[in-house]
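Visitor: My structure is in coords38.txt, and what it holds is compact mmCIF, C-alpha atoms and all ligand atoms:
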```txt
# COMPACT_ATOMS: atom_id res chain seq x y z
CA MET A 119 279.09 165.95 85.90
CA SER A 120 277.53 164.06 83.02
CA LYS A 121 274.03 162.74 83.33
CA LEU A 122 273.39 160.03 80.75
CA LEU A 123 269.70 160.91 80.55
CA LEU A 124 270.40 164.57 79.73
CA GLN A 125 272.94 163.58 77.07
CA ALA A 126 270.35 161.33 75.44
CA ILE A 127 267.74 164.10 75.60
CA ASP A 128 270.24 166.22 73.63
CA CYS A 129 270.71 163.33 71.18
CA LYS A 130 274.40 163.11 72.05
CA SER A 131 276.08 159.71 71.82
CA THR A 132 276.30 157.96 75.19
CA ALA A 133 278.35 155.10 76.66
CA ARG A 134 275.06 153.18 76.89
CA ARG A 135 271.35 154.00 76.64
CA PRO A 136 269.80 155.54 79.76
CA VAL A 137 266.90 153.71 81.41
CA TRP A 138 264.18 154.64 83.88
CA ILE A 139 260.67 153.28 84.48
CA MET A 140 257.37 155.12 84.52
CA ARG A 141 255.72 154.77 87.95
CA GLN A 142 259.01 153.33 89.24
CA ALA A 143 258.21 154.35 92.83
CA GLY A 144 255.00 152.34 92.98
CA ARG A 145 253.39 149.25 94.42
CA TYR A 146 255.62 146.58 92.82
CA LEU A 147 258.25 147.67 95.42
CA PRO A 148 258.00 145.82 98.76
CA GLU A 149 259.33 148.92 100.58
CA TYR A 150 256.51 151.01 99.09
CA ARG A 151 253.86 148.42 99.99
CA GLU A 152 255.20 148.44 103.55
CA LEU A 153 254.78 152.22 103.74
CA ARG A 154 251.27 151.94 102.26
CA ARG A 155 250.26 149.65 105.14
CA ARG A 156 250.90 152.57 107.49
CA TYR A 157 249.85 155.56 105.37
CA SER A 158 247.27 156.38 102.70
CA PHE A 159 248.54 157.48 99.29
CA LYS A 160 247.40 161.02 100.08
CA GLU A 161 249.41 161.04 103.33
CA LEU A 162 252.50 159.77 101.51
CA ALA A 163 252.23 162.31 98.70
CA SER A 164 251.48 165.29 100.94
CA SER A 165 254.52 164.71 103.19
CA ALA A 166 257.70 166.09 101.60
CA ASP A 167 259.85 163.76 103.76
CA LEU A 168 257.93 160.60 102.85
CA ALA A 169 257.75 161.66 99.20
CA THR A 170 261.54 162.14 99.20
CA GLU A 171 262.07 158.72 100.76
CA ILE A 172 259.80 157.06 98.16
CA THR A 173 261.36 158.94 95.22
CA LEU A 174 264.74 157.52 96.26
CA LEU A 175 263.54 153.91 96.87
CA PRO A 176 263.77 152.57 93.30
CA CYS A 177 267.16 154.26 92.81
CA GLN A 178 268.54 152.57 95.91
CA ARG A 179 267.41 149.15 94.66
CA PHE A 180 268.26 149.49 90.95
CA PRO A 181 270.91 151.42 88.95
CA LEU A 182 268.35 153.70 87.28
CA ASP A 183 269.46 156.81 85.37
CA ALA A 184 266.65 159.02 86.67
CA ALA A 185 264.45 159.53 89.70
CA ILE A 186 260.93 160.93 89.21
CA VAL A 187 259.49 162.89 92.08
CA PHE A 188 256.79 161.02 94.00
CA ALA A 189 253.58 162.99 93.53
CA ASP A 190 250.44 162.64 91.43
CA ILE A 191 249.20 164.54 88.38
CA MET A 192 246.50 165.91 90.75
CA SER A 193 249.06 167.36 93.22
CA PRO A 194 249.01 170.96 91.85
CA LEU A 195 245.20 171.18 91.63
CA PRO A 196 244.46 172.21 95.26
CA ALA A 197 245.96 175.58 94.19
CA LEU A 198 242.82 176.03 92.03
CA GLY A 199 240.58 175.07 94.95
CA VAL A 200 239.89 171.56 93.56
CA GLU A 201 239.11 168.92 96.21
CA PHE A 202 239.69 165.20 95.59
CA GLU A 203 240.46 161.86 97.21
CA PHE A 204 242.19 158.71 95.90
CA ASP A 205 240.23 155.44 95.52
CA PRO A 206 242.71 154.21 94.27
CA GLY A 207 242.80 156.77 91.42
CA PRO A 208 241.65 160.41 91.75
CA VAL A 209 237.99 161.04 92.70
CA VAL A 210 236.98 164.73 92.40
CA ALA A 211 234.47 166.11 94.95
CA ASN A 212 232.74 168.58 92.58
CA PRO A 213 233.30 167.68 88.93
CA ILE A 214 233.30 170.63 86.49
CA ARG A 215 230.39 170.40 84.06
CA ASP A 216 229.81 174.03 82.90
CA GLN A 217 231.34 177.52 82.62
CA ALA A 218 230.29 178.32 86.21
CA GLY A 219 232.44 175.38 87.36
CA VAL A 220 235.43 176.85 85.52
CA ASP A 221 234.72 180.35 86.87
CA ALA A 222 234.67 178.98 90.43
CA LEU A 223 238.33 177.91 90.17
CA HIS A 224 240.58 180.06 92.37
CA ASP A 225 243.13 182.55 91.09
CA VAL A 226 246.59 181.16 91.66
CA ASP A 227 249.61 182.57 93.46
CA PRO A 228 252.40 180.54 91.77
CA GLU A 229 254.30 180.30 95.05
CA THR A 230 251.49 178.25 96.60
CA ILE A 231 251.42 175.41 94.02
CA ALA A 232 252.21 172.06 95.69
CA PRO A 233 254.95 173.27 98.09
CA GLU A 234 255.48 169.66 99.27
CA VAL A 235 256.56 168.68 95.73
CA MET A 236 259.11 171.51 95.65
CA THR A 237 260.56 170.49 99.02
CA ALA A 238 260.67 166.83 97.94
CA LEU A 239 262.58 167.80 94.77
CA LYS A 240 265.14 169.84 96.74
CA GLN A 241 265.62 167.09 99.31
CA THR A 242 265.87 164.38 96.64
CA ARG A 243 268.48 166.32 94.66
CA ALA A 244 270.62 166.61 97.79
CA GLU A 245 270.57 162.80 98.23
CA LEU A 246 270.81 161.61 94.61
CA PRO A 247 274.16 160.67 93.04
CA ASP A 248 275.34 163.39 90.62
CA GLU A 249 274.98 161.13 87.60
CA THR A 250 271.29 160.41 88.28
CA ALA A 251 268.89 162.87 86.66
CA LEU A 252 265.92 164.18 88.61
CA LEU A 253 262.64 164.43 86.73
CA GLY A 254 259.69 166.63 87.50
CA PHE A 255 256.34 166.03 85.85
CA CYS A 256 252.78 167.18 85.33
CA GLY A 257 249.61 166.00 83.67
CA ALA A 258 248.80 167.52 80.27
CA PRO A 259 245.83 169.95 80.40
CA TRP A 260 243.50 167.49 78.63
CA THR A 261 244.44 164.56 80.90
CA LEU A 262 243.85 166.73 83.99
CA ALA A 263 240.53 167.95 82.54
CA ALA A 264 239.56 164.29 82.09
CA TYR A 265 239.52 163.84 85.89
CA LEU A 266 238.07 167.29 86.62
CA VAL A 267 235.10 166.82 84.26
CA GLU A 268 234.45 163.08 84.48
CA GLY A 269 235.12 163.10 88.24
CA ARG A 270 237.23 159.92 88.14
CA GLY A 271 239.00 157.62 85.71
CA VAL A 272 236.40 155.63 83.73
CA LYS A 273 236.67 153.76 80.45
CA ASP A 274 236.64 156.14 77.46
CA PHE A 275 235.55 159.16 79.61
CA PRO A 276 232.05 159.63 78.03
CA THR A 277 231.08 162.63 80.23
CA LEU A 278 234.27 164.40 79.20
CA ARG A 279 233.62 163.75 75.51
CA ALA A 280 230.02 164.97 75.88
CA PHE A 281 231.32 168.13 77.62
CA ALA A 282 233.81 168.74 74.79
CA ALA A 283 230.95 168.60 72.26
CA ALA A 284 228.33 170.54 74.25
CA GLU A 285 230.52 173.15 76.02
CA PRO A 286 233.56 173.84 73.81
CA ALA A 287 233.98 177.38 75.20
CA ALA A 288 233.96 176.13 78.81
CA LEU A 289 236.44 173.36 77.87
CA ASP A 290 238.65 175.98 76.20
CA ALA A 291 238.58 178.12 79.35
CA LEU A 292 239.32 175.10 81.56
CA LEU A 293 242.27 173.97 79.41
CA ALA A 294 243.66 177.53 79.42
CA ARG A 295 243.52 177.64 83.24
CA LEU A 296 245.20 174.23 83.48
CA ALA A 297 247.92 175.03 80.94
CA ASP A 298 248.74 178.26 82.78
CA LEU A 299 248.91 176.46 86.14
CA MET A 300 251.14 173.72 84.68
CA VAL A 301 253.60 176.27 83.25
CA HIS A 302 254.09 177.81 86.71
CA TYR A 303 254.22 174.35 88.29
CA LEU A 304 256.91 173.05 85.91
CA LEU A 305 259.00 176.24 86.14
CA ASN A 306 258.90 175.96 89.93
CA GLN A 307 259.93 172.29 89.70
CA ALA A 308 262.95 173.18 87.55
CA ARG A 309 263.89 175.86 90.07
CA ALA A 310 263.60 173.27 92.85
CA GLY A 311 266.07 170.96 91.09
CA ALA A 312 264.29 169.04 88.31
CA ASP A 313 266.72 168.53 85.39
CA ALA A 314 263.91 167.83 82.91
CA VAL A 315 260.14 167.37 83.03
CA GLN A 316 257.72 164.81 81.63
CA ILE A 317 254.25 165.89 80.55
CA PHE A 318 251.89 162.89 80.90
CA ASP A 319 249.06 162.94 78.35
CA SER A 320 247.70 159.55 79.39
CA TRP A 321 244.23 160.17 77.93
CA ALA A 322 245.44 161.98 74.80
CA GLY A 323 243.60 159.67 72.41
CA LEU A 324 239.95 160.17 73.39
CA LEU A 325 239.04 162.58 70.56
CA SER A 326 239.51 162.47 66.78
CA LEU A 327 242.54 164.18 65.24
CA ALA A 328 240.33 167.05 63.98
CA ASP A 329 238.79 167.69 67.42
CA TRP A 330 242.20 167.36 69.08
CA GLU A 331 243.63 169.99 66.67
CA ARG A 332 240.73 172.36 67.33
CA LEU A 333 240.17 171.97 71.08
CA ILE A 334 243.29 170.59 72.74
CA ARG A 335 246.39 171.31 70.70
CA PRO A 336 246.57 175.10 71.25
CA HIS A 337 246.77 174.68 75.03
CA LEU A 338 249.28 171.83 75.00
CA GLN A 339 251.43 173.73 72.52
CA ALA A 340 251.34 176.92 74.64
CA LEU A 341 252.42 174.95 77.71
CA LEU A 342 255.29 173.27 75.85
CA GLU A 343 256.47 176.56 74.34
CA ALA A 344 256.52 178.36 77.69
CA VAL A 345 258.50 175.53 79.33
CA GLY A 346 260.89 175.37 76.36
CA ASN A 347 261.42 179.15 76.44
CA ALA A 348 262.54 178.72 80.06
CA GLY A 349 265.20 176.25 78.84
CA ILE A 350 263.70 173.20 80.55
CA PRO A 351 264.05 169.90 78.62
CA ARG A 352 260.61 168.41 77.86
CA ILE A 353 259.57 164.76 77.55
CA LEU A 354 256.09 164.53 76.05
CA PHE A 355 254.27 161.23 76.70
CA LEU A 356 251.08 160.15 74.99
CA GLN A 357 249.19 156.96 75.70
CA ASN A 358 246.65 154.98 73.68
CA ALA A 359 246.60 157.52 70.83
CA PRO A 360 248.18 155.91 67.74
CA HIS A 361 246.12 158.25 65.50
CA LEU A 362 247.80 161.29 67.10
CA VAL A 363 251.46 160.25 67.09
CA GLU A 364 252.31 162.29 63.98
CA ALA A 365 250.57 165.36 65.42
CA TYR A 366 252.43 165.01 68.73
CA ALA A 367 255.69 164.58 66.83
CA ASP A 368 255.12 168.10 65.45
CA LEU A 369 254.79 169.63 68.93
CA PRO A 370 257.82 171.31 70.50
CA ALA A 371 259.45 168.81 72.90
CA GLU A 372 262.98 167.41 73.13
CA VAL A 373 261.68 163.85 73.60
CA LEU A 374 258.57 162.05 72.38
CA ALA A 375 257.52 159.10 74.57
CA VAL A 376 254.98 156.60 73.26
CA ASP A 377 253.24 153.47 74.50
CA TRP A 378 253.90 149.91 73.32
CA ARG A 379 251.27 150.03 70.54
CA VAL A 380 253.48 152.37 68.52
CA ASP A 381 256.53 151.41 66.42
CA LEU A 382 259.26 153.39 68.19
CA ALA A 383 261.78 152.86 65.37
CA ALA A 384 259.31 154.43 62.93
CA VAL A 385 258.82 157.45 65.23
CA GLN A 386 262.60 157.85 65.42
CA GLY A 387 262.85 157.55 61.64
CA ARG A 388 260.32 160.36 61.14
CA PHE A 389 262.46 162.91 62.97
CA GLN A 390 264.70 164.50 60.34
CA ASP A 391 266.42 166.51 63.07
CA ARG A 392 267.11 163.46 65.27
CA ARG A 393 264.93 164.29 68.23
CA ALA A 394 265.07 161.80 71.09
CA VAL A 395 262.46 159.10 71.74
CA GLN A 396 261.50 157.23 74.90
CA GLY A 397 259.93 153.83 75.49
CA ASN A 398 258.33 151.48 74.94
CA ILE A 399 258.24 147.92 76.34
CA ASP A 400 254.73 146.63 77.08
CA PRO A 401 254.57 146.65 80.91
CA ALA A 402 252.52 143.43 80.77
CA ILE A 403 255.54 141.54 79.37
CA LEU A 404 257.34 142.06 82.69
CA LEU A 405 254.59 140.10 84.45
CA GLY A 406 255.89 137.00 82.64
CA GLY A 407 259.29 137.18 84.37
CA ALA A 408 262.93 137.73 83.46
CA ALA A 409 263.17 135.64 80.25
CA PRO A 410 260.38 137.32 78.23
CA THR A 411 261.53 140.71 79.55
CA ARG A 412 265.08 140.10 78.36
CA ALA A 413 263.80 138.98 74.95
CA ALA A 414 261.58 142.06 74.53
CA VAL A 415 264.32 144.48 75.58
CA THR A 416 266.88 142.80 73.30
CA GLU A 417 264.50 143.16 70.37
CA LEU A 418 263.82 146.82 71.20
CA LEU A 419 267.55 147.59 71.38
CA GLN A 420 268.06 145.96 67.99
CA ARG A 421 265.23 147.84 66.28
CA VAL A 422 265.72 151.32 67.76
CA ASP A 423 268.89 153.28 67.13
CA ALA A 424 270.87 153.99 70.33
CA LEU A 425 271.41 157.68 69.52
CA GLY A 426 268.71 159.61 71.37
CA HIS A 427 266.92 156.55 72.78
CA ILE A 428 265.82 156.55 76.43
CA VAL A 429 264.70 153.06 77.42
CA ASN A 430 261.44 152.89 79.38
CA LEU A 431 258.15 151.02 79.46
CA GLY A 432 255.24 152.06 77.24
CA HIS A 433 253.16 152.93 80.33
CA GLY A 434 253.45 152.64 84.11
CA ILE A 435 254.90 149.49 85.65
CA LEU A 436 252.14 147.17 86.92
CA PRO A 437 251.78 146.44 90.66
CA ASP A 438 252.29 142.64 90.25
CA THR A 439 255.60 142.98 88.38
CA PRO A 440 258.32 140.67 89.77
CA LEU A 441 261.51 142.47 90.83
CA GLU A 442 263.49 139.96 88.70
CA SER A 443 261.88 141.44 85.59
CA VAL A 444 262.99 144.95 86.52
CA GLU A 445 266.52 143.62 87.10
CA ALA A 446 266.44 141.81 83.75
CA LEU A 447 265.27 144.97 81.96
CA ILE A 448 268.07 147.13 83.38
CA GLU A 449 270.74 144.45 83.01
CA THR A 450 269.88 143.91 79.35
CA VAL A 451 270.26 147.64 78.69
CA HIS A 452 273.56 147.77 80.61
CA ASN A 453 274.93 144.74 78.73
CA GLU A 454 274.05 146.00 75.27
CA SER A 455 277.65 146.28 74.04
CA GLU A 456 278.12 142.59 74.86
CA LEU A 457 274.96 141.71 72.92
CA SER A 458 276.43 143.03 69.70
CA ARG A 459 279.74 141.12 70.08
CA PRO A 460 280.12 138.13 67.77
O1 LIG B 501 247.38 152.98 96.04
C1 LIG B 501 248.38 153.70 95.87
O2 LIG B 501 249.47 153.48 96.41
C2 LIG B 501 248.21 154.90 95.02
C3 LIG B 501 248.56 154.65 93.59
C4 LIG B 501 249.14 155.91 93.00
C5 LIG B 501 250.52 156.20 92.89
C6 LIG B 501 251.68 155.38 93.36
C7 LIG B 501 248.43 156.99 92.46
C8 LIG B 501 246.97 157.18 92.40
N1 LIG B 501 249.35 157.94 92.02
C9 LIG B 501 250.62 157.48 92.26
C10 LIG B 501 251.89 158.22 92.00
C11 LIG B 501 252.10 158.75 90.65
N2 LIG B 501 251.13 159.06 89.73
C12 LIG B 501 253.35 159.10 90.10
C13 LIG B 501 254.66 159.13 90.92
C14 LIG B 501 255.90 158.56 90.40
C15 LIG B 501 256.00 157.06 90.44
O3 LIG B 501 255.05 156.34 90.77
O4 LIG B 501 257.12 156.62 90.14
C16 LIG B 501 253.13 159.57 88.80
C17 LIG B 501 254.16 160.01 87.77
C18 LIG B 501 251.74 159.53 88.59
C19 LIG B 501 251.09 160.02 87.36
C20 LIG B 501 249.67 159.71 87.12
N3 LIG B 501 248.61 159.64 88.00
C21 LIG B 501 249.15 159.57 85.81
C22 LIG B 501 249.97 159.68 84.55
C23 LIG B 501 250.73 158.43 84.29
C24 LIG B 501 249.93 157.22 83.92
O5 LIG B 501 250.04 156.23 84.64
O6 LIG B 501 249.20 157.29 82.91
C25 LIG B 501 247.76 159.35 85.92
C26 LIG B 501 246.78 159.12 84.80
C27 LIG B 501 247.45 159.41 87.31
C28 LIG B 501 246.10 159.28 87.92
C29 LIG B 501 246.12 158.23 88.98
N4 LIG B 501 246.54 158.46 90.27
C30 LIG B 501 246.53 157.30 90.98
C31 LIG B 501 246.10 156.27 90.11
C32 LIG B 501 245.93 154.83 90.50
C33 LIG B 501 245.85 156.85 88.86
C34 LIG B 501 245.40 156.19 87.57
C35 LIG B 501 244.15 155.36 87.64
C36 LIG B 501 242.85 156.11 87.51
O7 LIG B 501 242.67 156.90 86.57
O8 LIG B 501 241.98 155.83 88.33
```
Would you mind writing the file's structure down as structure tokens?
Ligand code: 1CP

Guide:
Amino acid sequence: MSKLLLQAIDCKSTARRPVWIMRQAGRYLPEYRELRRRYSFKELASSADLATEITLLPCQRFPLDAAIVFADIMSPLPALGVEFEFDPGPVVANPIRDQAGVDALHDVDPETIAPEVMTALKQTRAELPDETALLGFCGAPWTLAAYLVEGRGVKDFPTLRAFAAAEPAALDALLARLADLMVHYLLNQARAGADAVQIFDSWAGLLSLADWERLIRPHLQALLEAVGNAGIPRILFLQNAPHLVEAYADLPAEVLAVDWRVDLAAVQGRFQDRRAVQGNIDPAILLGGAAPTRAAVTELLQRVDALGHIVNLGHGILPDTPLESVEALIETVHNESELSRP
């Protein structure tokens, strides 16, 4: 049983490059939009059966090399006693603004973290073809803290940055709690059938390199080390943080995934030990249809060496993306050997 994605994670040579799409189970799919007419996002994500159905949707429509379990980065946080809604992104009922807010978080029994996600993973694995990898995921501690402190996603997260400056000890305690929870969460996901996990650090780039090193890095590194010690392959994704790419490249992860602002070939070139890379088509290009998508993918395939390259977008697929663009993306990857023929 050879999963292309896992071979690429190991930097082994593959018959072709594997491809999957961040947020592939989302609103660009007519079947998902149909379900959303009947259920809220929270209802979909909290039902293991619906989450399983949605996880499988993109794989039934397209020959993708991985499924990613349908959940949100917020899904494990009820275990800490955090309450939130979606509108459409996470909105936290009582944002954390001081040490007392951190102290009020509940102690966690690892068995109680997001049981619906574990059931969805088990059910999805039973349905997926053997050659399709199953991915688990979590938010990085800092990206989760962004929602917990700011209360919701806002441009540049000013309340979070103020908190980092004014309450570094409380931030440190919060990141430690989150990193610990994520280790248990990811270990449980691997036990439930995830072949590898992606850690989404979508808001990695909000602080300077020096502040990132001092405040954030120790917790992200501890999380990655614990997951690596358990033998679980790690894909580390950072978004909108070009000034941190070199620092993230030094963290322990099998795969570094970057957004479209970053030169993926240069990242690959930096790795003396040939670690794998993932990305990084600009999701906006797909809005223009099949022809610009094909052109962008062809260029990516020419610039980035196939060994240890997992093709993906540089961030989540946008809701208005035409299905033809997704087809064009996957087809171009599948036809790569023909591209290079004279
Ligand atoms: O209206 C809807 O249908 C809800 C939209 C939605 C969806 C489909 C949200 C709310 N979350 C999700 C699912 C989700 N979120 C997945 C499942 C897999 C898949 O779609 O294929 C994953 C991996 C995520 C991860 C996620 N959620 C991230 C990290 C990745 C990224 O895009 O940077 C982040 C930052 C979130 C927060 C979040 N949840 C939802 C939204 C719309 C957002 C982002 C916007 C905001 O900050 O307000």

Visitor: Using all atoms listed in the file, which protein or nucleic acid residues come within 8 Å of Thr170 of chain A? Drop anything in the same chain fewer than 6 positions from it, and give the result as an NGL selection string.

Guide: :A and (187-188 or 238-239 or 241-242)

Visitor: All residues within 6 Å of ligand LIG 501 (chain B) are required, counting all atoms listed in the file; please report them as a VMD selection string.

Guide: chain A and resid 140 to 144 159 186 to 191 206 to 208 271 318 320 434

Visitor: Name all residues at most 9 Å from segment 321-324 of chain A (count all atoms listed in the file; drop same-chain ones fewer than 6 positions away) and give them as a list in words.

Guide: Ala258, Trp260, Thr261, Leu262, Ala264, Asp274, Phe275, Arg279, Trp330, Leu356, Gln357, Asn358, Ala359, Pro360, His361 and Leu362 of chain A

Visitor: List as a PyMOL selection string the protein and nucleic acid residues near segment 283-294 of chain A, meaning an atom at most 12 Å away when all atoms listed in the file are counted, but skip any in the same chain fewer than 4 places from it.

Guide: chain A and resi 198+214-224+257-264+266-267+276-279+298-301+325-326+329-330+332-341

Visitor: If I take atom CA of Glu442 of chain A and atom CA of Gly407 of chain A, how far is one from the other in Å, to one decimal?

Guide: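 Calculated distance between atom CA of Glu442 of chain A and atom CA of Gly407 of chain A is 6.6 Å.
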
Visitor: Just want the 8 Å neighbourhood of Leu419 of chain A, counted on all atoms listed in the file, with same-chain residues fewer than 4 positions away dropped. Output as a VMD selection string.

Guide: chain A and resid 415 423 to 424 451 454

Visitor: Find the distance between atom CA of Val137 of chain A and atom CA of Trp378 of chain A and write it in Å to one decimal.

Guide: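 Calculated distance between atom CA of Val137 of chain A and atom CA of Trp378 of chain A is 15.8 Å.
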
Visitor: Smallest atom-to-atom distance to Leu327 of chain A: which of A:Arg154, A:Gln307, A:Tyr366, A:Val422, using all atoms listed in the file?

Guide: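 Checking each of A:Arg154, A:Gln307, A:Tyr366, A:Val422 against Leu327 of chain A, counting all atoms listed in the file, the winner is A:Tyr366.
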
Visitor: Given the choices A:Ala251, A:Ile448, A:Ala367, A:Ala211, which gets closest to Leu122 of chain A if the distance is worked out from only C-alpha atoms?

Guide: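 Nearest to Leu122 of chain A: A:Ala251.
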
Visitor: Work out how far atom CA of Cys256 of chain A is from atom CA of Ala375 of chain A, in Å to one decimal.

Guide: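 Going from atom CA of Ala375 of chain A over to atom CA of Cys256 of chain A covers 14.3 Å.
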
Visitor: Give me the residues within 8 Å of Ala169 of chain A as a PyMOL selection string, counting all atoms listed in the file and dropping any in the same chain fewer than 2 places off.

Guide: chain A and resi 162-167+171-173+187-189+235+238

Visitor: Can you complete the atoms of segment 324-347 of chain A to N, CA and C atoms and list them as a CSV table (one decimal), in the frame of the given file?

Guide:
```
chain,number,residue,atom,x,y,z
A,324,LEU,N,241.4,160.3,73.3
A,324,LEU,CA,240.0,160.2,73.4
A,324,LEU,C,239.2,160.8,72.3
A,325,LEU,N,239.8,161.9,71.6
A,325,LEU,CA,239.0,162.6,70.6
A,325,LEU,C,239.7,162.3,69.2
A,326,SER,N,239.0,162.6,68.1
A,326,SER,CA,239.5,162.5,66.8
A,326,SER,C,240.7,163.5,66.6
A,327,LEU,N,241.5,163.2,65.5
A,327,LEU,CA,242.5,164.2,65.2
A,327,LEU,C,242.0,165.6,65.0
A,328,ALA,N,240.9,165.7,64.3
A,328,ALA,CA,240.3,167.0,64.0
A,328,ALA,C,239.9,167.8,65.3
A,329,ASP,N,239.2,167.1,66.2
A,329,ASP,CA,238.8,167.7,67.4
A,329,ASP,C,240.0,168.0,68.3
A,330,TRP,N,241.0,167.1,68.3
A,330,TRP,CA,242.2,167.4,69.1
A,330,TRP,C,242.9,168.6,68.6
A,331,GLU,N,243.0,168.8,67.2
A,331,GLU,CA,243.6,170.0,66.7
A,331,GLU,C,242.9,171.3,67.1
A,332,ARG,N,241.6,171.2,67.1
A,332,ARG,CA,240.7,172.4,67.3
A,332,ARG,C,240.7,172.7,68.8
A,333,LEU,N,240.5,171.7,69.7
A,333,LEU,CA,240.2,172.0,71.1
A,333,LEU,C,241.4,171.9,72.0
A,334,ILE,N,242.3,170.9,71.7
A,334,ILE,CA,243.3,170.6,72.7
A,334,ILE,C,244.7,171.1,72.4
A,335,ARG,N,245.0,171.0,71.1
A,335,ARG,CA,246.4,171.3,70.7
A,335,ARG,C,246.9,172.7,71.1
A,336,PRO,N,246.0,173.8,71.0
A,336,PRO,CA,246.6,175.1,71.2
A,336,PRO,C,247.1,175.2,72.7
A,337,HIS,N,246.4,174.6,73.6
A,337,HIS,CA,246.8,174.7,75.0
A,337,HIS,C,248.0,173.9,75.4
A,338,LEU,N,248.1,172.7,74.8
A,338,LEU,CA,249.3,171.8,75.0
A,338,LEU,C,250.5,172.5,74.4
A,339,GLN,N,250.3,173.1,73.2
A,339,GLN,CA,251.4,173.7,72.5
A,339,GLN,C,251.9,175.0,73.3
A,340,ALA,N,251.0,175.7,73.8
A,340,ALA,CA,251.3,176.9,74.6
A,340,ALA,C,252.1,176.5,75.9
A,341,LEU,N,251.7,175.4,76.5
A,341,LEU,CA,252.4,175.0,77.7
A,341,LEU,C,253.8,174.6,77.3
A,342,LEU,N,254.0,173.8,76.3
A,342,LEU,CA,255.3,173.3,75.8
A,342,LEU,C,256.2,174.4,75.5
A,343,GLU,N,255.7,175.4,74.8
A,343,GLU,CA,256.5,176.6,74.3
A,343,GLU,C,257.0,177.3,75.5
A,344,ALA,N,256.1,177.6,76.5
A,344,ALA,CA,256.5,178.4,77.7
A,344,ALA,C,257.6,177.6,78.5
A,345,VAL,N,257.5,176.3,78.6
A,345,VAL,CA,258.5,175.5,79.3
A,345,VAL,C,259.8,175.5,78.5
A,346,GLY,N,259.7,175.4,77.2
A,346,GLY,CA,260.9,175.4,76.4
A,346,GLY,C,261.6,176.7,76.4
A,347,ASN,N,260.8,177.8,76.4
A,347,ASN,CA,261.4,179.2,76.4
A,347,ASN,C,262.2,179.4,77.7
```
